[in-house]
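These notes are about the structure you will find just below.
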Amino acid sequence: MKISLKYAKTKQIAEIPESHIQEIIEGNSVVNSKTEEQIIDEALANPIDSPKISDLIHPGEKNLCRYS
Amino acid sequence: MKKTCVVIPDFTRTWQKCSLYLPKLIAQLNAAGLEDADIIIISATGTHRMQTADEHRILIGDELANRFEILDHDCRDNENHVYVGTTSFGTRVMIDRRAMECKHIIITGGIVYHFLPGWSGGKKSILPGISSYETVMHNHGLSLVPEFGKGVRPTVHSGNIDNNPVYQDMLEAANFVKPDFMFNVIVGHEGQIAGAVAGNYVTAHERGCRMVDQLNGVKIKGKADLVVATAGGYPKDINFYQSIKVLLNAERAVKDGGTAILMFDCPEGIGGDGGLEDILTNFSTMNDREKCLRDAFSISKFVGYYFCSVETRVHVIMVTNLNPDTFKTTGIILKKTLKEAVEEAKTFLPDDYTANIMPLGANTFPITE
């Protein structure tokens with residue numbers, strides 16, 4: 001069978017008999033209807049095992065250096 | 001002074017689209033009551049070079065560039081690191097003082113398969129991100145078997161953290177620092193942000209790694225005698241350094257003693273730093289290359305070393321426009337066309353050979369049961 005693969009800005013073709021082909025390893029098709037902006041906003045709004053940024057930062061608190 | 005430090009990737013990681021997510025993250029800090037003056041942004045250069053103002057601007061976008069000065073982490077500025085602890089692997093962890101002087105540290109970046117810690121992102125913002133040169137070298141050196149001549153540890157590879165000392169050491173370093181918050185993106189085949197995780201730098205990162213698995217991990221029937229893998233054309237095949245991904249994925253789909261045809265044009269040549277070309281060209285045995293790598297570890301050298309080490313297990317034929325002189329001592333065969341490469345491969349293959357084809361070789365990570 002004819003194998004056509006992307007290369008540079010074009011394609012390259014070679015012949016490999018079908019009987020030899022074990023598998024054509026395709027990428028996973030991922031359906032994502034969300035925009036990049038929505039993805040970022042949702043992640044920030046739903047932090048995992050952590051308070052949200054708004055609950056993490058308390059501007060009034062006394063500064064403690066992270067090391068001594 | 002009460003400051004919050006936001007650690008962002010460097011210019012070599014613009015694919016993570018920091019300029020898209022950082023304004024949102026900074027806006028949340030502002031909304032929580034922080035002035036811009038309460039926030040510092042450090043670019044996690046690891047051991048990379050300092051960056052230009054133009055690069056900073058591209059990295060974070062015009063709006064933020066007008067409000068903030070980005071501080072580049074300088075791994076060789078020993079005066080400006082603080083000691084935070086020594087890991088169980090003996091790595092003395094020295095961290096950028098400017099980050100450690102802040103009340104809060106927020107780390108940001110992106111997650112992809114990575115050939116040292118299994119997956120990038122998360123803890124990697126701390127080590128190598130904002131660690132000293134010696135700290136990074138000790139950590140990356142854990143990728144090699146302690147006895148000279150034995151090369152890379154079998155547990156150090158993409159998609160694995162079990163018994164992976166590079167990963168575990170990075171995590172211990174991050175645990176000394178305890179970043180308060182993490183934001184990481186996962187990028188799809190076309191370069192778009194396909195997922196994001198925020199929160200705890202361990203568990204949110206793990207969730208992100210599973211997203212990478214779903215996006216790029218592909219269960220395959222088994223290894224074959226021949227694998228034909230292409231980077232997927234321009235710009236994924238821009239240079240040889242980037243093309244390591246194709247090799248790392250393709251080698252998982254080919255039997256030991258088999259043949260790998262790898263296709264990457266490389267219009268910008270070898271890439272990486274000078275160490276990559278050096279280790280390919282100026283040594284003729286694997287032991288000499290290993291010595292060079294151990295003497296002063298660099299990712300560029302590791303990439304070259306790894307390419308050559310695969311060639312000792314698998315016949316490697318590259319379809320590329322790279323200069324054949326660079327590869328004279330490596331055993332790697334260079335061809336201009338796929339047709340020529342297939343003809344060459346047949347001289348190594350049994351008559352009844354099997355073949356796996358990878359049309360998206362840079363983005364598909366074969367998983368065998």
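Chain lettering (A, B, ...) mirrors the order of the structure tokens, residue numbering begins at 1 for each chain separately, and ligand numbering begins at 1 in order of display.
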Residues of chain B within 6 Å of chain A, counting only C-alpha atoms, as an mmCIF file with all heavy atoms, in the first residue's frame:
```cif
data_model
loop_
_atom_site.group_PDB
_atom_site.id
_atom_site.type_symbol
_atom_site.label_atom_id
_atom_site.label_comp_id
_atom_site.auth_asym_id
_atom_site.auth_seq_id
_atom_site.Cartn_x
_atom_site.Cartn_y
_atom_site.Cartn_z
ATOM 1 N N LYS B 2 5.242 42.690 51.343
ATOM 2 C CA LYS B 2 4.595 41.384 51.261
ATOM 3 C C LYS B 2 4.410 41.071 49.789
ATOM 4 O O LYS B 2 3.632 41.680 49.088
ATOM 5 C CB LYS B 2 3.266 41.411 51.992
ATOM 6 C CG LYS B 2 2.463 42.647 51.675
ATOM 7 C CD LYS B 2 1.306 42.790 52.593
ATOM 8 C CE LYS B 2 0.455 43.988 52.252
ATOM 9 N NZ LYS B 2 1.165 45.168 51.789
ATOM 10 N N ALA B 32 -7.694 39.944 44.376
ATOM 11 C CA ALA B 32 -7.542 39.534 45.782
ATOM 12 C C ALA B 32 -6.944 40.657 46.622
ATOM 13 O O ALA B 32 -6.792 40.505 47.836
ATOM 14 C CB ALA B 32 -6.670 38.281 45.861
ATOM 15 N N GLY B 33 -6.583 41.758 45.971
ATOM 16 C CA GLY B 33 -6.117 42.914 46.718
ATOM 17 C C GLY B 33 -4.643 43.245 46.537
ATOM 18 O O GLY B 33 -4.141 44.168 47.167
ATOM 19 N N MET B 100 12.269 32.965 47.177
ATOM 20 C CA MET B 100 12.141 32.502 48.559
ATOM 21 C C MET B 100 11.854 33.651 49.522
ATOM 22 O O MET B 100 11.398 33.417 50.633
ATOM 23 C CB MET B 100 13.406 31.746 48.975
ATOM 24 C CG MET B 100 13.624 30.428 48.238
ATOM 25 S SD MET B 100 12.209 29.302 48.310
ATOM 26 C CE MET B 100 12.236 28.828 50.037
ATOM 27 N N GLU B 101 12.137 34.868 49.109
ATOM 28 C CA GLU B 101 11.845 36.010 49.977
ATOM 29 C C GLU B 101 10.376 36.432 49.907
ATOM 30 O O GLU B 101 9.960 37.345 50.609
ATOM 31 C CB GLU B 101 12.760 37.198 49.618
ATOM 32 C CG GLU B 101 14.160 37.004 50.200
ATOM 33 C CD GLU B 101 15.150 38.069 49.777
ATOM 34 O OE1 GLU B 101 14.845 38.868 48.871
ATOM 35 O OE2 GLU B 101 16.263 38.071 50.352
ATOM 36 N N LYS B 103 6.229 35.893 50.170
ATOM 37 C CA LYS B 103 5.250 35.223 51.030
ATOM 38 C C LYS B 103 4.626 34.036 50.289
ATOM 39 O O LYS B 103 4.455 32.964 50.840
ATOM 40 C CB LYS B 103 4.177 36.246 51.422
ATOM 41 C CG LYS B 103 2.939 35.685 52.037
ATOM 42 C CD LYS B 103 3.169 35.266 53.477
ATOM 43 C CE LYS B 103 1.872 34.738 54.091
ATOM 44 N NZ LYS B 103 2.165 33.816 55.198
ATOM 45 N N ILE B 193 -4.425 25.400 23.397
ATOM 46 C CA ILE B 193 -4.588 24.921 24.772
ATOM 47 C C ILE B 193 -5.782 23.971 24.797
ATOM 48 O O ILE B 193 -6.901 24.353 24.477
ATOM 49 C CB ILE B 193 -4.782 26.095 25.756
ATOM 50 C CG1 ILE B 193 -3.473 26.905 25.864
ATOM 51 C CG2 ILE B 193 -5.181 25.578 27.146
ATOM 52 C CD1 ILE B 193 -3.570 28.137 26.757
ATOM 53 N N ALA B 196 -6.339 22.498 31.060
ATOM 54 C CA ALA B 196 -5.562 23.237 32.054
ATOM 55 C C ALA B 196 -5.912 22.694 33.432
ATOM 56 O O ALA B 196 -7.024 22.202 33.645
ATOM 57 C CB ALA B 196 -5.869 24.733 31.981
ATOM 58 N N VAL B 197 -4.942 22.747 34.325
ATOM 59 C CA VAL B 197 -5.182 22.335 35.714
ATOM 60 C C VAL B 197 -4.599 23.403 36.630
ATOM 61 O O VAL B 197 -3.576 24.005 36.329
ATOM 62 C CB VAL B 197 -4.552 20.963 36.045
ATOM 63 C CG1 VAL B 197 -5.389 19.839 35.475
ATOM 64 C CG2 VAL B 197 -3.110 20.864 35.570
ATOM 65 N N ALA B 198 -5.285 23.601 37.761
ATOM 66 C CA ALA B 198 -4.811 24.562 38.743
ATOM 67 C C ALA B 198 -4.929 23.945 40.125
ATOM 68 O O ALA B 198 -5.704 23.012 40.329
ATOM 69 C CB ALA B 198 -5.631 25.847 38.670
ATOM 70 N N GLY B 199 -4.136 24.475 41.061
ATOM 71 C CA GLY B 199 -4.258 24.039 42.446
ATOM 72 C C GLY B 199 -2.975 23.482 43.015
ATOM 73 O O GLY B 199 -1.902 24.055 42.822
ATOM 74 N N ASN B 200 -3.104 22.328 43.683
ATOM 75 C CA ASN B 200 -1.978 21.715 44.371
ATOM 76 C C ASN B 200 -0.908 21.247 43.384
ATOM 77 O O ASN B 200 -1.235 20.593 42.384
ATOM 78 C CB ASN B 200 -2.499 20.533 45.193
ATOM 79 C CG ASN B 200 -1.411 19.813 45.955
ATOM 80 O OD1 ASN B 200 -0.703 18.991 45.383
ATOM 81 N ND2 ASN B 200 -1.258 20.134 47.219
ATOM 82 N N ALA B 204 -2.826 18.342 41.393
ATOM 83 C CA ALA B 204 -3.334 18.972 40.169
ATOM 84 C C ALA B 204 -2.425 18.600 38.991
ATOM 85 O O ALA B 204 -2.897 18.373 37.872
ATOM 86 C CB ALA B 204 -3.409 20.487 40.329
ATOM 87 N N GLY B 232 5.773 14.974 11.515
ATOM 88 C CA GLY B 232 4.485 15.559 11.125
ATOM 89 C C GLY B 232 4.655 16.812 10.300
ATOM 90 O O GLY B 232 3.736 17.601 10.148
ATOM 91 N N GLY B 233 5.857 17.007 9.769
ATOM 92 C CA GLY B 233 6.106 18.158 8.896
ATOM 93 C C GLY B 233 6.391 19.430 9.679
ATOM 94 O O GLY B 233 6.457 19.432 10.911
ATOM 95 N N TYR B 234 6.548 20.512 8.926
ATOM 96 C CA TYR B 234 6.878 21.825 9.494
ATOM 97 C C TYR B 234 5.739 22.335 10.350
ATOM 98 O O TYR B 234 4.592 22.167 9.967
ATOM 99 C CB TYR B 234 7.156 22.796 8.341
ATOM 100 C CG TYR B 234 7.608 24.158 8.765
ATOM 101 C CD1 TYR B 234 8.952 24.399 9.034
ATOM 102 C CD2 TYR B 234 6.690 25.189 8.912
ATOM 103 C CE1 TYR B 234 9.371 25.660 9.431
ATOM 104 C CE2 TYR B 234 7.109 26.445 9.310
ATOM 105 C CZ TYR B 234 8.441 26.671 9.565
ATOM 106 O OH TYR B 234 8.842 27.913 9.967
ATOM 107 N N ASP B 265 12.845 17.100 8.542
ATOM 108 C CA ASP B 265 13.601 17.897 7.584
ATOM 109 C C ASP B 265 14.716 18.699 8.275
ATOM 110 O O ASP B 265 15.852 18.716 7.833
ATOM 111 C CB ASP B 265 12.596 18.835 6.884
ATOM 112 C CG ASP B 265 13.232 19.760 5.882
ATOM 113 O OD1 ASP B 265 14.184 19.317 5.214
ATOM 114 O OD2 ASP B 265 12.782 20.913 5.751
ATOM 115 N N LYS B 339 11.434 6.872 0.217
ATOM 116 C CA LYS B 339 11.590 5.741 -0.687
ATOM 117 C C LYS B 339 12.971 5.095 -0.524
ATOM 118 O O LYS B 339 13.100 3.874 -0.369
ATOM 119 C CB LYS B 339 11.421 6.238 -2.138
ATOM 120 C CG LYS B 339 10.640 5.292 -2.999
ATOM 121 C CD LYS B 339 10.334 5.959 -4.316
ATOM 122 C CE LYS B 339 10.009 4.864 -5.326
ATOM 123 N NZ LYS B 339 9.746 5.417 -6.635
ATOM 124 N N THR B 354 7.231 -7.006 9.947
ATOM 125 C CA THR B 354 6.030 -6.254 10.301
ATOM 126 C C THR B 354 6.398 -4.774 10.423
ATOM 127 O O THR B 354 7.544 -4.439 10.727
ATOM 128 C CB THR B 354 5.458 -6.723 11.654
ATOM 129 O OG1 THR B 354 6.495 -6.644 12.640
ATOM 130 C CG2 THR B 354 4.955 -8.151 11.571
ATOM 131 N N ALA B 355 5.407 -3.897 10.209
ATOM 132 C CA ALA B 355 5.698 -2.458 10.237
ATOM 133 C C ALA B 355 4.619 -1.679 10.987
ATOM 134 O O ALA B 355 3.429 -1.920 10.808
ATOM 135 C CB ALA B 355 5.803 -1.917 8.802
ATOM 136 N N ASN B 356 5.055 -0.786 11.848
ATOM 137 C CA ASN B 356 4.169 0.208 12.467
ATOM 138 C C ASN B 356 4.433 1.556 11.811
ATOM 139 O O ASN B 356 5.584 1.934 11.607
ATOM 140 C CB ASN B 356 4.444 0.328 13.972
ATOM 141 C CG ASN B 356 3.800 -0.777 14.770
ATOM 142 O OD1 ASN B 356 2.744 -1.287 14.416
ATOM 143 N ND2 ASN B 356 4.449 -1.157 15.875
ATOM 144 N N ILE B 357 3.352 2.266 11.478
ATOM 145 C CA ILE B 357 3.485 3.570 10.825
ATOM 146 C C ILE B 357 2.963 4.643 11.782
ATOM 147 O O ILE B 357 1.877 4.495 12.351
ATOM 148 C CB ILE B 357 2.657 3.623 9.510
ATOM 149 C CG1 ILE B 357 2.899 2.377 8.648
ATOM 150 C CG2 ILE B 357 2.940 4.917 8.745
ATOM 151 C CD1 ILE B 357 4.275 2.230 8.086
ATOM 152 N N MET B 358 3.737 5.708 11.954
ATOM 153 C CA MET B 358 3.336 6.786 12.876
ATOM 154 C C MET B 358 3.276 8.128 12.146
ATOM 155 O O MET B 358 4.273 8.850 12.064
ATOM 156 C CB MET B 358 4.325 6.853 14.056
ATOM 157 C CG MET B 358 4.369 5.552 14.852
ATOM 158 S SD MET B 358 5.587 5.545 16.200
ATOM 159 C CE MET B 358 4.889 6.783 17.307
ATOM 160 N N PRO B 359 2.101 8.483 11.607
ATOM 161 C CA PRO B 359 1.982 9.737 10.851
ATOM 162 C C PRO B 359 2.098 10.990 11.733
ATOM 163 O O PRO B 359 2.319 12.071 11.218
ATOM 164 C CB PRO B 359 0.568 9.655 10.249
ATOM 165 C CG PRO B 359 0.124 8.235 10.445
ATOM 166 C CD PRO B 359 0.851 7.720 11.636
ATOM 167 N N THR B 364 2.337 11.153 19.238
ATOM 168 C CA THR B 364 1.709 9.900 19.657
ATOM 169 C C THR B 364 2.714 9.075 20.435
ATOM 170 O O THR B 364 3.817 8.803 19.970
ATOM 171 C CB THR B 364 1.182 9.097 18.446
ATOM 172 O OG1 THR B 364 2.158 9.122 17.412
ATOM 173 C CG2 THR B 364 -0.119 9.672 17.939
#
```
Would you mind listing what lies within 12 Å of Thr12 (chain B) as a list in words, with only C-alpha atoms counted and same-chain residues fewer than 6 positions away left out?
Cys18, Ser43, Ala44, Thr45, Gly46, Thr47, His48, Arg49, Met50, Gln51, Glu55, His56, Ile58, Leu59, Gly109, Gly110, Gln242, Gly271 and Gly272 of chain B
Neighbours of Gly151 (chain B) within 8 Å (only C-alpha atoms; same-chain residues fewer than 5 positions away dropped), as a JSON list (two decimals) with N, CA and C atoms, in the first residue's frame?
```json
[["chain", "number", "residue", "atom", "x", "y", "z"],
["B", 144, "LEU", "N", 21.52, 8.87, 34.90],
["B", 144, "LEU", "CA", 22.48, 7.85, 34.47],
["B", 144, "LEU", "C", 22.69, 6.80, 35.55],
["B", 145, "VAL", "N", 22.94, 5.57, 35.14],
["B", 145, "VAL", "CA", 23.30, 4.50, 36.07],
["B", 145, "VAL", "C", 24.62, 4.92, 36.75],
["B", 290, "GLU", "N", 29.51, 9.01, 26.72],
["B", 290, "GLU", "CA", 29.00, 8.98, 28.10],
["B", 290, "GLU", "C", 29.90, 9.78, 29.03]]
```
Excluding same-chain residues fewer than 4 positions from Ser243 (chain B), what lies within 9 Å of it counting only C-alpha atoms, as number ranges by chain?
B: 231, 236-239, 247-248, 262-264, 266, 362
Would you return as a PyMOL selection string the members of chain A that DSSP assigns to strand (DSSP E) on this structure's backbone?
chain A and resi 2-7+10-15+21-24
